[in-house]
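Data from coords-v4.cif: mmCIF, C-alpha atoms
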```
data_query
#
loop_
_atom_site.label_atom_id
_atom_site.label_comp_id
_atom_site.auth_asym_id
_atom_site.auth_seq_id
_atom_site.Cartn_x
_atom_site.Cartn_y
_atom_site.Cartn_z
CA MET L 1384 6.42 -9.66 -30.16
CA ASN L 1385 5.26 -6.45 -28.58
CA GLN L 1386 2.46 -6.07 -31.05
CA ASN L 1387 -0.92 -5.38 -29.48
CA ALA L 1388 -3.52 -8.12 -29.68
CA VAL L 1389 -6.33 -5.67 -30.40
CA GLU L 1390 -6.19 -1.98 -31.23
CA ILE L 1391 -9.34 0.04 -31.52
CA ARG L 1392 -8.94 3.59 -32.77
CA ALA L 1393 -11.60 6.31 -32.93
CA LEU L 1394 -14.30 3.68 -33.26
CA GLU L 1395 -17.84 4.99 -33.63
CA LYS L 1396 -21.20 3.34 -33.98
CA HIS L 1397 -24.40 5.34 -34.00
CA PHE L 1398 -27.77 4.05 -32.92
CA PRO L 1399 -30.98 6.06 -32.61
CA ARG L 1400 -30.63 6.32 -28.84
CA PHE L 1401 -26.99 5.50 -28.24
CA LYS L 1402 -23.66 6.52 -29.60
CA LEU L 1403 -20.54 4.44 -29.08
CA GLY L 1404 -17.27 6.30 -29.17
CA PRO L 1405 -15.14 7.76 -30.45
CA LEU L 1406 -13.48 4.92 -28.59
CA ASP L 1407 -9.82 3.91 -28.30
CA LEU L 1408 -8.89 0.61 -26.68
CA THR L 1409 -5.50 -1.05 -26.57
CA VAL L 1410 -5.24 -4.69 -25.57
CA PRO L 1411 -1.63 -5.83 -25.15
CA GLN L 1412 -0.71 -9.35 -26.18
CA GLY L 1413 -0.58 -12.10 -23.58
CA VAL L 1414 -2.95 -10.61 -21.03
CA ILE L 1415 -6.42 -11.14 -19.69
CA TYR L 1416 -8.17 -7.87 -20.46
CA GLY L 1417 -11.36 -7.08 -18.57
CA LEU L 1418 -13.81 -4.77 -20.31
CA ILE L 1419 -16.12 -3.36 -17.66
CA GLY L 1420 -18.88 -0.80 -17.56
CA PRO L 1421 -22.45 -0.30 -16.39
CA ASN L 1422 -25.24 -1.99 -18.35
CA GLY L 1423 -25.72 -0.26 -21.67
CA ALA L 1424 -22.21 1.24 -21.69
CA GLY L 1425 -21.40 -0.31 -25.08
CA LYS L 1426 -19.37 -3.38 -24.13
CA THR L 1427 -21.21 -5.90 -26.27
CA THR L 1428 -21.45 -3.43 -29.15
CA THR L 1429 -17.68 -3.02 -29.05
CA LEU L 1430 -16.99 -6.77 -28.95
CA ASP L 1431 -19.52 -7.41 -31.73
CA LEU L 1432 -17.82 -4.81 -33.92
CA ILE L 1433 -14.43 -6.49 -33.48
CA PHE L 1434 -15.94 -9.62 -34.97
CA GLY L 1435 -17.69 -7.91 -37.81
CA LEU L 1436 -21.16 -8.16 -36.34
CA GLY L 1437 -22.29 -4.79 -37.62
CA ASP L 1438 -20.30 -2.13 -39.42
CA PRO L 1439 -18.58 0.68 -37.56
CA ASP L 1440 -19.56 4.22 -38.62
CA ALA L 1441 -16.01 5.41 -38.16
CA GLY L 1442 -12.64 4.27 -36.89
CA ALA L 1443 -10.39 1.27 -37.22
CA ILE L 1444 -10.03 -2.08 -35.50
CA LYS L 1445 -6.88 -4.16 -35.74
CA VAL L 1446 -6.59 -7.69 -34.45
CA LEU L 1447 -3.00 -8.97 -34.27
CA GLY L 1448 -2.05 -6.14 -36.60
CA LEU L 1449 -4.67 -7.14 -39.20
CA ASP L 1450 -7.61 -5.03 -40.28
CA HIS L 1451 -10.74 -6.70 -38.94
CA ARG L 1452 -12.63 -6.15 -42.18
CA ARG L 1453 -10.09 -6.36 -44.97
CA ASP L 1454 -8.31 -9.35 -43.44
CA GLU L 1455 -11.45 -10.88 -42.00
CA VAL L 1456 -10.60 -14.48 -42.81
CA ALA L 1457 -7.09 -14.23 -41.40
CA VAL L 1458 -8.48 -12.62 -38.24
CA LYS L 1459 -11.12 -15.30 -37.76
CA ARG L 1460 -8.50 -18.00 -38.15
CA GLN L 1461 -6.81 -16.68 -35.03
CA ALA L 1462 -9.60 -15.21 -32.96
CA ALA L 1463 -12.62 -16.76 -31.27
CA TYR L 1464 -15.74 -15.12 -29.93
CA ALA L 1465 -18.22 -16.51 -27.44
CA SER L 1466 -21.43 -14.65 -26.79
CA PRO L 1467 -23.97 -15.45 -24.09
CA ASP L 1468 -26.70 -15.07 -26.71
CA ALA L 1469 -25.75 -18.30 -28.43
CA SER L 1470 -28.36 -20.90 -27.54
CA PHE L 1471 -26.85 -23.93 -29.37
CA ARG L 1472 -30.13 -25.78 -28.88
CA ALA L 1473 -30.41 -26.73 -32.55
CA TRP L 1474 -27.56 -29.22 -32.14
CA GLY L 1475 -29.31 -31.33 -29.53
CA THR L 1476 -26.35 -32.31 -27.37
CA GLY L 1477 -23.03 -30.64 -26.58
CA ARG L 1478 -21.28 -33.59 -28.22
CA LYS L 1479 -22.99 -32.95 -31.58
CA LEU L 1480 -22.31 -29.24 -31.33
CA ILE L 1481 -18.63 -29.92 -30.66
CA ARG L 1482 -18.40 -32.36 -33.57
CA PHE L 1483 -19.89 -29.72 -35.87
CA VAL L 1484 -17.78 -26.78 -34.69
CA SER L 1485 -14.51 -28.73 -34.51
CA GLY L 1486 -14.76 -29.41 -38.25
CA PHE L 1487 -14.06 -25.76 -38.96
CA TYR L 1488 -10.79 -25.66 -37.07
CA PRO L 1489 -7.77 -27.71 -38.14
CA ALA L 1490 -6.15 -26.87 -34.82
CA TRP L 1491 -9.05 -28.27 -32.78
CA ASP L 1492 -7.58 -29.97 -29.70
CA GLU L 1493 -9.83 -32.84 -28.72
CA ALA L 1494 -7.92 -33.75 -25.57
CA TYR L 1495 -7.97 -30.14 -24.35
CA CYS L 1496 -11.68 -29.93 -25.12
CA GLU L 1497 -12.36 -33.07 -23.07
CA LYS L 1498 -10.24 -31.71 -20.25
CA LEU L 1499 -12.19 -28.44 -20.22
CA LEU L 1500 -15.52 -30.30 -20.25
CA ALA L 1501 -14.41 -32.37 -17.27
CA GLU L 1502 -12.88 -29.51 -15.30
CA LEU L 1503 -15.84 -27.22 -15.82
CA HIS L 1504 -18.29 -30.08 -15.14
CA VAL L 1505 -20.20 -29.85 -18.41
CA ASN L 1506 -21.72 -33.13 -19.54
CA PRO L 1507 -21.52 -33.16 -23.37
CA ASP L 1508 -24.04 -35.97 -23.69
CA GLU L 1509 -26.76 -34.04 -21.93
CA LYS L 1510 -29.38 -32.37 -24.10
CA ILE L 1511 -28.45 -28.69 -24.44
CA THR L 1512 -31.98 -27.64 -23.52
CA ALA L 1513 -31.57 -29.59 -20.28
CA LEU L 1514 -28.34 -27.81 -19.32
CA SER L 1515 -28.44 -25.00 -16.78
CA SER L 1516 -27.87 -21.54 -18.21
CA GLY L 1517 -24.46 -21.54 -16.50
CA SER L 1518 -23.47 -24.79 -18.23
CA ARG L 1519 -24.54 -23.37 -21.59
CA VAL L 1520 -22.31 -20.34 -21.02
CA LYS L 1521 -19.45 -22.68 -20.08
CA LEU L 1522 -20.03 -24.70 -23.25
CA GLY L 1523 -19.57 -21.51 -25.28
CA VAL L 1524 -16.31 -20.76 -23.45
CA ILE L 1525 -15.02 -24.30 -24.03
CA ILE L 1526 -15.72 -24.11 -27.75
CA ALA L 1527 -13.93 -20.78 -27.95
CA LEU L 1528 -10.84 -22.09 -26.16
CA ALA L 1529 -10.55 -25.59 -27.61
CA TRP L 1530 -8.76 -24.70 -30.84
CA HIS L 1531 -6.12 -22.52 -29.17
CA PRO L 1532 -6.96 -19.26 -30.93
CA LYS L 1533 -4.45 -16.46 -30.32
CA VAL L 1534 -7.21 -14.09 -29.28
CA VAL L 1535 -10.26 -15.19 -27.32
CA VAL L 1536 -13.09 -12.72 -26.84
CA LEU L 1537 -15.73 -13.66 -24.30
CA ASP L 1538 -18.82 -11.61 -23.68
CA GLU L 1539 -20.03 -12.22 -20.12
CA PRO L 1540 -18.41 -15.63 -19.59
CA ALA L 1541 -19.40 -15.50 -15.93
CA ALA L 1542 -23.06 -14.63 -16.44
CA GLY L 1543 -25.31 -16.94 -14.48
CA LEU L 1544 -22.42 -18.82 -12.90
CA ASP L 1545 -22.17 -19.52 -9.19
CA ALA L 1546 -19.04 -18.33 -7.37
CA ILE L 1547 -17.30 -21.70 -7.71
CA SER L 1548 -17.95 -22.05 -11.45
CA LYS L 1549 -16.89 -18.45 -11.96
CA GLN L 1550 -13.52 -19.11 -10.35
CA GLN L 1551 -13.12 -22.29 -12.42
CA VAL L 1552 -13.79 -20.44 -15.66
CA PHE L 1553 -11.35 -17.67 -14.75
CA ALA L 1554 -8.74 -20.23 -13.69
CA GLU L 1555 -9.03 -21.81 -17.16
CA LEU L 1556 -8.59 -18.38 -18.74
CA LEU L 1557 -5.53 -17.81 -16.56
CA ALA L 1558 -4.10 -21.13 -17.72
CA ALA L 1559 -4.86 -20.16 -21.33
CA VAL L 1560 -2.72 -17.00 -21.20
CA GLN L 1561 0.17 -18.58 -19.30
CA ASP L 1562 2.31 -18.90 -22.40
CA GLU L 1563 1.94 -15.12 -22.81
CA GLU L 1564 1.12 -15.47 -26.48
CA ARG L 1565 -2.59 -15.88 -26.17
CA THR L 1566 -4.82 -13.00 -25.20
CA VAL L 1567 -8.23 -13.16 -23.56
CA ILE L 1568 -10.68 -10.27 -23.61
CA VAL L 1569 -13.66 -10.59 -21.30
CA SER L 1570 -16.55 -8.32 -20.63
CA SER L 1571 -17.88 -9.07 -17.20
CA HIS L 1572 -19.58 -7.79 -14.10
CA ALA L 1573 -17.66 -10.26 -11.94
CA LEU L 1574 -15.40 -7.50 -10.65
CA THR L 1575 -13.89 -9.37 -7.73
CA ASP L 1576 -12.79 -12.12 -10.08
CA LEU L 1577 -11.52 -9.62 -12.63
CA GLU L 1578 -9.46 -7.83 -10.00
CA ARG L 1579 -7.84 -11.16 -9.27
CA PHE L 1580 -7.40 -12.54 -12.78
CA ALA L 1581 -7.34 -9.62 -15.22
CA ASP L 1582 -3.99 -8.02 -15.98
CA HIS L 1583 -5.58 -5.08 -17.73
CA ILE L 1584 -8.86 -3.26 -17.27
CA GLY L 1585 -10.74 -0.94 -19.59
CA MET L 1586 -13.80 0.78 -18.22
CA ILE L 1587 -16.39 2.35 -20.49
CA LYS L 1588 -19.47 4.33 -19.68
CA ASN L 1589 -22.00 5.90 -22.05
CA GLY L 1590 -19.91 4.71 -25.00
CA GLN L 1591 -16.76 6.47 -23.77
CA LEU L 1592 -13.56 5.10 -22.27
CA LEU L 1593 -13.23 6.23 -18.65
CA LEU L 1594 -9.94 4.56 -17.84
CA GLU L 1595 -7.63 1.84 -19.08
CA GLY L 1596 -4.48 0.27 -17.73
CA PRO L 1597 -2.93 -2.48 -15.63
CA THR L 1598 -5.40 -3.61 -12.99
CA CYS L 1599 -2.96 -3.12 -10.12
CA ARG L 1600 -2.26 0.44 -11.19
CA ILE L 1601 -5.96 1.29 -11.41
CA VAL L 1602 -6.63 -0.20 -7.99
CA GLU L 1603 -3.77 1.78 -6.49
CA ARG L 1604 -4.66 4.97 -8.27
CA PHE L 1605 -7.95 5.55 -6.47
CA LYS L 1606 -8.14 5.91 -2.70
CA LEU L 1607 -11.04 6.43 -0.37
CA LEU L 1608 -10.24 9.41 1.84
CA ASP L 1609 -11.91 10.50 5.02
CA PHE L 1610 -11.20 14.03 6.08
CA VAL L 1611 -12.47 17.01 8.00
CA SER L 1612 -13.11 20.29 6.25
CA GLU L 1613 -15.23 23.31 7.14
CA ASP L 1614 -15.74 24.29 3.53
CA GLY L 1615 -16.62 21.50 1.12
CA ALA L 1616 -17.00 23.70 -1.95
CA ALA L 1617 -13.30 23.35 -2.70
CA PHE L 1618 -13.77 19.60 -3.16
CA VAL L 1619 -17.24 19.17 -4.60
CA SER L 1620 -16.27 20.75 -7.90
CA ALA L 1621 -12.70 19.44 -8.11
CA ASP L 1622 -11.81 17.10 -10.98
CA GLY L 1623 -10.79 13.67 -9.76
CA VAL L 1624 -12.61 14.02 -6.44
CA PHE L 1625 -15.76 11.93 -6.13
CA ILE L 1626 -17.68 12.81 -2.98
CA GLN L 1627 -19.23 9.68 -1.52
CA ARG L 1628 -20.91 11.18 1.53
CA HIS L 1629 -20.62 14.02 3.95
CA GLU L 1630 -22.10 15.11 7.20
CA ARG L 1631 -21.37 18.55 8.59
CA ASN L 1632 -17.58 18.87 8.37
CA GLN L 1633 -16.87 15.15 7.86
CA TRP L 1634 -16.22 14.13 4.27
CA GLN L 1635 -15.63 10.88 2.48
CA ALA L 1636 -14.44 10.97 -1.12
CA MET L 1637 -12.81 8.76 -3.70
CA VAL L 1638 -9.77 10.61 -4.96
CA ASP L 1639 -7.77 10.06 -8.13
CA THR L 1640 -4.22 10.20 -6.77
CA GLU L 1641 -2.87 11.01 -10.20
CA ARG L 1642 -4.58 14.37 -9.84
CA HIS L 1643 -4.43 15.04 -6.13
CA THR L 1644 -1.98 14.32 -3.35
CA MET L 1645 -2.63 14.44 0.36
CA GLU L 1646 -0.66 17.68 0.38
CA SER L 1647 -2.74 19.31 -2.33
CA LEU L 1648 -5.92 18.37 -0.50
CA ALA L 1649 -4.52 19.69 2.75
CA SER L 1650 -3.74 22.97 1.03
CA ARG L 1651 -7.43 23.17 0.14
CA GLY L 1652 -8.34 22.92 3.78
CA ALA L 1653 -8.69 19.18 4.41
CA ARG L 1654 -7.54 18.03 7.85
CA GLN L 1655 -7.12 14.65 9.51
CA ILE L 1656 -6.96 12.91 6.17
CA SER L 1657 -6.94 9.13 6.30
CA ALA L 1658 -6.74 6.93 3.21
CA THR L 1659 -8.21 3.47 2.65
CA PRO L 1660 -7.45 1.30 -0.38
CA MET L 1661 -10.36 0.50 -2.67
CA THR L 1662 -11.36 -2.61 -4.55
CA LEU L 1663 -12.06 -2.57 -8.27
CA GLU L 1664 -15.71 -2.95 -7.39
CA ASP L 1665 -15.64 0.13 -5.11
CA ILE L 1666 -13.98 2.13 -7.88
CA PHE L 1667 -16.47 0.89 -10.46
CA VAL L 1668 -19.42 1.94 -8.33
CA ALA L 1669 -17.96 5.37 -7.57
CA LEU L 1670 -17.11 6.08 -11.21
CA GLY L 1671 -20.27 4.53 -12.61
CA LYS L 1672 -22.58 6.80 -10.66
CA ASP L 1673 -23.63 9.95 -12.44
CA MET A 753 13.54 -29.44 -7.92
CA SER A 754 10.30 -27.54 -7.61
CA ASP A 755 8.55 -30.34 -5.69
CA LYS A 756 10.81 -29.84 -2.67
CA ARG A 757 8.99 -26.64 -1.90
CA PRO A 758 6.16 -26.70 0.60
CA ALA A 759 2.82 -26.95 -1.19
CA CYS A 760 1.28 -23.97 0.53
CA LEU A 761 4.06 -21.47 0.81
CA LEU A 762 1.83 -18.44 1.03
CA PRO A 763 -1.61 -17.82 2.47
CA PRO A 764 -4.37 -16.96 -0.02
CA VAL A 765 -4.86 -13.35 -1.09
CA SER A 766 -8.13 -11.53 -1.63
CA PRO A 767 -9.05 -8.24 -3.31
CA ALA A 768 -10.95 -7.30 -0.16
CA ALA A 769 -7.68 -6.96 1.77
CA GLY A 770 -5.96 -4.28 -0.32
CA PRO A 771 -3.83 -4.45 -3.49
CA LEU A 772 -3.13 -8.11 -4.34
CA TYR A 773 0.54 -7.66 -5.21
CA GLN A 774 1.08 -5.89 -1.88
CA GLN A 775 -0.39 -8.86 -0.05
CA ILE A 776 1.99 -11.17 -1.91
CA VAL A 777 4.93 -8.90 -1.08
CA ASP A 778 3.95 -8.82 2.59
CA ASN A 779 3.39 -12.57 2.77
CA LEU A 780 6.71 -13.34 1.08
CA LYS A 781 8.54 -10.95 3.40
CA ARG A 782 6.97 -12.68 6.35
CA ALA A 783 7.97 -16.10 5.02
CA ILE A 784 11.54 -14.84 4.52
CA SER A 785 11.99 -12.99 7.80
CA ASP A 786 10.61 -15.84 9.87
CA GLY A 787 12.85 -18.34 8.12
CA ARG A 788 10.31 -20.46 6.24
CA LEU A 789 12.18 -19.33 3.13
CA ALA A 790 15.90 -19.32 3.87
CA GLY A 791 18.57 -17.24 2.13
CA GLY A 792 19.34 -18.77 -1.26
CA ALA A 793 16.09 -20.74 -1.42
CA PRO A 794 14.36 -20.84 -4.83
CA LEU A 795 11.01 -19.09 -5.23
CA PRO A 796 8.17 -20.47 -7.34
CA SER A 797 8.05 -19.25 -10.94
CA PHE A 798 5.59 -16.48 -11.88
CA ARG A 799 3.36 -19.04 -13.45
CA GLN A 800 3.38 -21.45 -10.56
CA LEU A 801 2.61 -18.81 -7.98
CA ALA A 802 -0.03 -17.16 -10.17
CA GLY A 803 -1.74 -20.53 -10.56
CA GLU A 804 -1.46 -21.33 -6.85
CA LEU A 805 -2.79 -17.99 -5.64
CA MET A 806 -5.25 -17.63 -8.55
CA VAL A 807 -4.02 -14.20 -9.53
CA SER A 808 -2.77 -12.81 -12.83
CA LEU A 809 0.86 -13.19 -13.89
CA ILE A 810 1.33 -9.42 -13.82
CA THR A 811 0.39 -9.34 -10.15
CA VAL A 812 3.09 -11.86 -9.28
CA LYS A 813 5.64 -10.11 -11.51
CA ARG A 814 4.88 -6.84 -9.82
CA ALA A 815 5.36 -8.38 -6.36
CA TYR A 816 8.68 -9.97 -7.37
CA GLU A 817 9.90 -6.72 -8.91
CA GLU A 818 9.23 -4.88 -5.69
CA LEU A 819 11.07 -7.49 -3.61
CA GLU A 820 13.92 -7.42 -6.10
CA ARG A 821 14.18 -3.66 -5.79
CA ASP A 822 14.45 -3.97 -2.03
CA GLY A 823 17.23 -6.53 -2.52
CA ILE A 824 15.22 -9.26 -0.78
CA ILE A 825 15.15 -11.58 -3.78
CA LEU A 826 17.36 -11.95 -6.84
CA ARG A 827 16.55 -12.97 -10.35
CA ARG A 828 19.19 -15.06 -12.09
CA GLN A 829 18.85 -15.19 -15.82
CA GLY A 830 17.67 -18.62 -16.90
CA LEU A 831 17.83 -20.07 -13.40
CA GLY A 832 14.87 -18.49 -11.69
CA THR A 833 14.32 -16.34 -8.65
CA PHE A 834 15.97 -16.84 -5.28
CA VAL A 835 15.89 -15.39 -1.81
CA ALA A 836 18.96 -13.15 -1.42
CA ARG A 837 21.65 -14.49 0.92
CA ASP A 838 20.94 -11.69 3.37
CA GLY A 839 17.28 -11.58 2.32
CA ASP A 840 16.06 -12.20 5.86
CA ASP A 841 18.06 -9.23 7.21
CA ARG A 842 16.83 -6.97 4.47
CA SER A 843 13.29 -8.16 4.85
CA ARG A 844 13.46 -7.50 8.59
CA ARG A 845 14.91 -4.05 7.96
CA VAL A 846 12.14 -3.17 5.51
CA LYS A 847 9.56 -4.45 7.94
CA THR A 848 11.09 -2.45 10.77
CA GLU A 849 10.91 0.71 8.70
CA ARG A 850 7.30 -0.02 7.89
CA ALA A 851 6.49 -0.71 11.55
CA GLU A 852 8.05 2.61 12.55
CA GLU A 853 5.97 4.36 9.94
CA LEU A 854 2.77 2.77 11.27
CA LEU A 855 3.68 3.62 14.86
CA ARG A 856 4.32 7.20 13.82
CA ALA A 857 0.90 7.35 12.15
CA GLY A 858 -0.66 5.87 15.29
CA ALA A 859 1.05 8.43 17.49
CA ARG A 860 -0.13 11.23 15.21
CA GLU A 861 -3.71 9.96 15.37
CA ALA A 862 -3.53 9.66 19.15
CA ALA A 863 -2.16 13.18 19.47
CA GLU A 864 -4.98 14.46 17.29
CA ALA A 865 -7.44 12.71 19.60
CA GLY A 866 -5.94 14.73 22.44
CA LEU A 867 -3.89 12.04 24.16
CA LYS A 868 -0.80 13.13 26.05
CA GLU A 869 2.59 11.54 25.51
CA ARG A 870 2.31 9.56 28.71
CA GLU A 871 -1.14 8.28 27.73
CA ILE A 872 0.03 7.25 24.27
CA ALA A 873 2.88 5.27 25.82
CA GLU A 874 0.38 3.69 28.21
CA VAL A 875 -1.90 2.64 25.32
CA PHE A 876 1.06 1.18 23.51
CA ARG A 877 2.20 -0.79 26.58
CA ARG A 878 -1.32 -2.15 26.98
CA ILE A 879 -1.41 -3.26 23.33
CA LEU A 880 1.97 -4.94 23.68
CA ALA A 881 0.90 -6.79 26.80
CA LYS A 882 -2.21 -8.07 25.04
CA GLU A 883 -0.74 -8.92 21.67
CA LYS A 884 2.52 -10.61 22.75
CA PRO A 885 3.83 -10.77 19.16
#
```
Would you mind writing the file's structure down as structure tokens?
Amino acid sequence: MNQNAVEIRALEKHFPRFKLGPLDLTVPQGVIYGLIGPNGAGKTTTLDLIFGLGDPDAGAIKVLGLDHRRDEVAVKRQAAYASPDASFRAWGTGRKLIRFVSGFYPAWDEAYCEKLLAELHVNPDEKITALSSGSRVKLGVIIALAWHPKVVVLDEPAAGLDAISKQQVFAELLAAVQDEERTVIVSSHALTDLERFADHIGMIKNGQLLLEGPTCRIVERFKLLDFVSEDGAAFVSADGVFIQRHERNQWQAMVDTERHTMESLASRGARQISATPMTLEDIFVALGKD
Amino acid sequence: MSDKRPACLLPPVSPAAGPLYQQIVDNLKRAISDGRLAGGAPLPSFRQLAGELMVSLITVKRAYEELERDGIILRRQGLGTFVARDGDDRSRRVKTERAEELLRAGAREAAEAGLKEREIAEVFRRILAKEKP
């Protein structure tokens, strides 16, 4: 029961100008896991590797306890992947695409598929080339969900969607994990939605994991502090202190409260400290900057 | 049994207004201390509330755990979650403590700004007269 949905250990993939890893990710079962990171951080590379699109140079990936390579068939029977790169145009209409794809999955749930099409306002009889890019992304999500796979991996399921569609997609994902047996992994830049819907967050940057954990804990862990200090040198170089701006003796910094307390900052000469909570987006921006 | 509950028990929450679970905790405490949720009343399930507020299950669990720890709600195995009999008293007590804490922080800030005791009291009276909670 408490098995992890996906475990990535010491994963490496080398490209001429980019190196992913060594990367460890742990996705618990029954959660929505948001994989976030600046463009080019390695999110899509990681998700592709889970599904055997490309060979890792080192490390191991387990999906539901199974090796993603050795037990490939068993993994693909329980895990779905939707990528925004899929164009689907060759099938003509969504209906034909669905008829084709559903043939591969004995567990295909036609009623659920119809419900998703209706709720996400995708017309399956429209020509795929005539669909908006948002509708095409939604079509990919619907196909990934419709056969009730245990693990659903979605690369950028919110790309190109307006705020309303984005919420609808995330609400469907929320409904999909309600039985706590299914797991959804999404890479996304829709940070406000992820803060709301994702139970777990992993943030990567330059191919390395920066932080991972329950969303609420991450959001609580970082605070924006305003304080007065005559000597900033004590803070500029400190680990876990991210200076946002300063003017004369007034400082504003994001602080990792697992490393610093108000008291420890006061002992370094900070006065009149006031703390403001941060959103996931604020934290992302502060950590993503070099 | 669940349809007897008001449809919109809690106001919506938003990441822009601080940690989501904290907003749920605060909103539930408010609903309990002002009597909209009476002692012994059933609370929505994790799932129901998560769906209603459009937040993850973990967020709702976290909020319930915190309220349980403060003795404001009780979980009964297999039956669900309920407002504690004296949940309103406890909720009020917790809120009072929190209010004191905020007032203390306000007084500290005012003192740092150079206000005298008399002036701080004056500011506070003015706020009270305007706000009429």
- [ ] Name the residues in contact with A:Thr811 at a cut-off of 8 Å, using all atoms listed in the file, excluding same-chain residues fewer than 2 positions from it; report them as an MDAnalysis selection string.
- [x] (chainID L and resid 1582 1599) or (chainID A and resid 772:773 802 807:809 813:815)
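Of note, atom CA of L:Ala1558 and atom CA of A:Met806 are spaced 9.9 Å apart.
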Open item on the list: Here's the selection I'm unsure about, the PyMOL selection byres ((chain L and resi 1499-1506) around 12); applied to the file above, which residues does it give, as JSON, numbers by chain?
Closed with: {"L": [1476, 1477, 1478, 1481, 1492, 1493, 1494, 1495, 1496, 1497, 1498, 1507, 1508, 1509, 1510, 1511, 1513, 1514, 1515, 1516, 1517, 1518, 1519, 1520, 1521, 1522, 1523, 1524, 1525, 1526, 1527, 1528, 1529, 1530, 1544, 1545, 1547, 1548, 1549, 1550, 1551, 1552, 1553, 1554, 1555, 1556, 1558, 1559]}
Task: Residue IDs satisfying the PyMOL selection byres ((chain L) within 7 of (chain A)), as a PyMOL selection string - done: chain L and resi 1554+1557+1561+1575+1578-1582+1599+1602-1603+1660-1662
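The two atoms in question, atom CA of L:Ser1571 and atom CA of A:Pro763, are spaced 27.0 Å apart.
Interatomic distance, atom CA of L:Ser1470 against atom CA of L:Gly1435: 19.7 Å.
Comparing L:Val1668, L:Val1619, L:Ile1419, L:Ala1473 by their smallest distance to L:Ala1573, the closest is L:Ile1419 (using only C-alpha atoms).
Checking L:Gly1437, L:Gly1417, L:Ile1584, L:Pro1467 one by one against L:His1451, counting all atoms listed in the file, you find the shortest gap at L:Gly1437.
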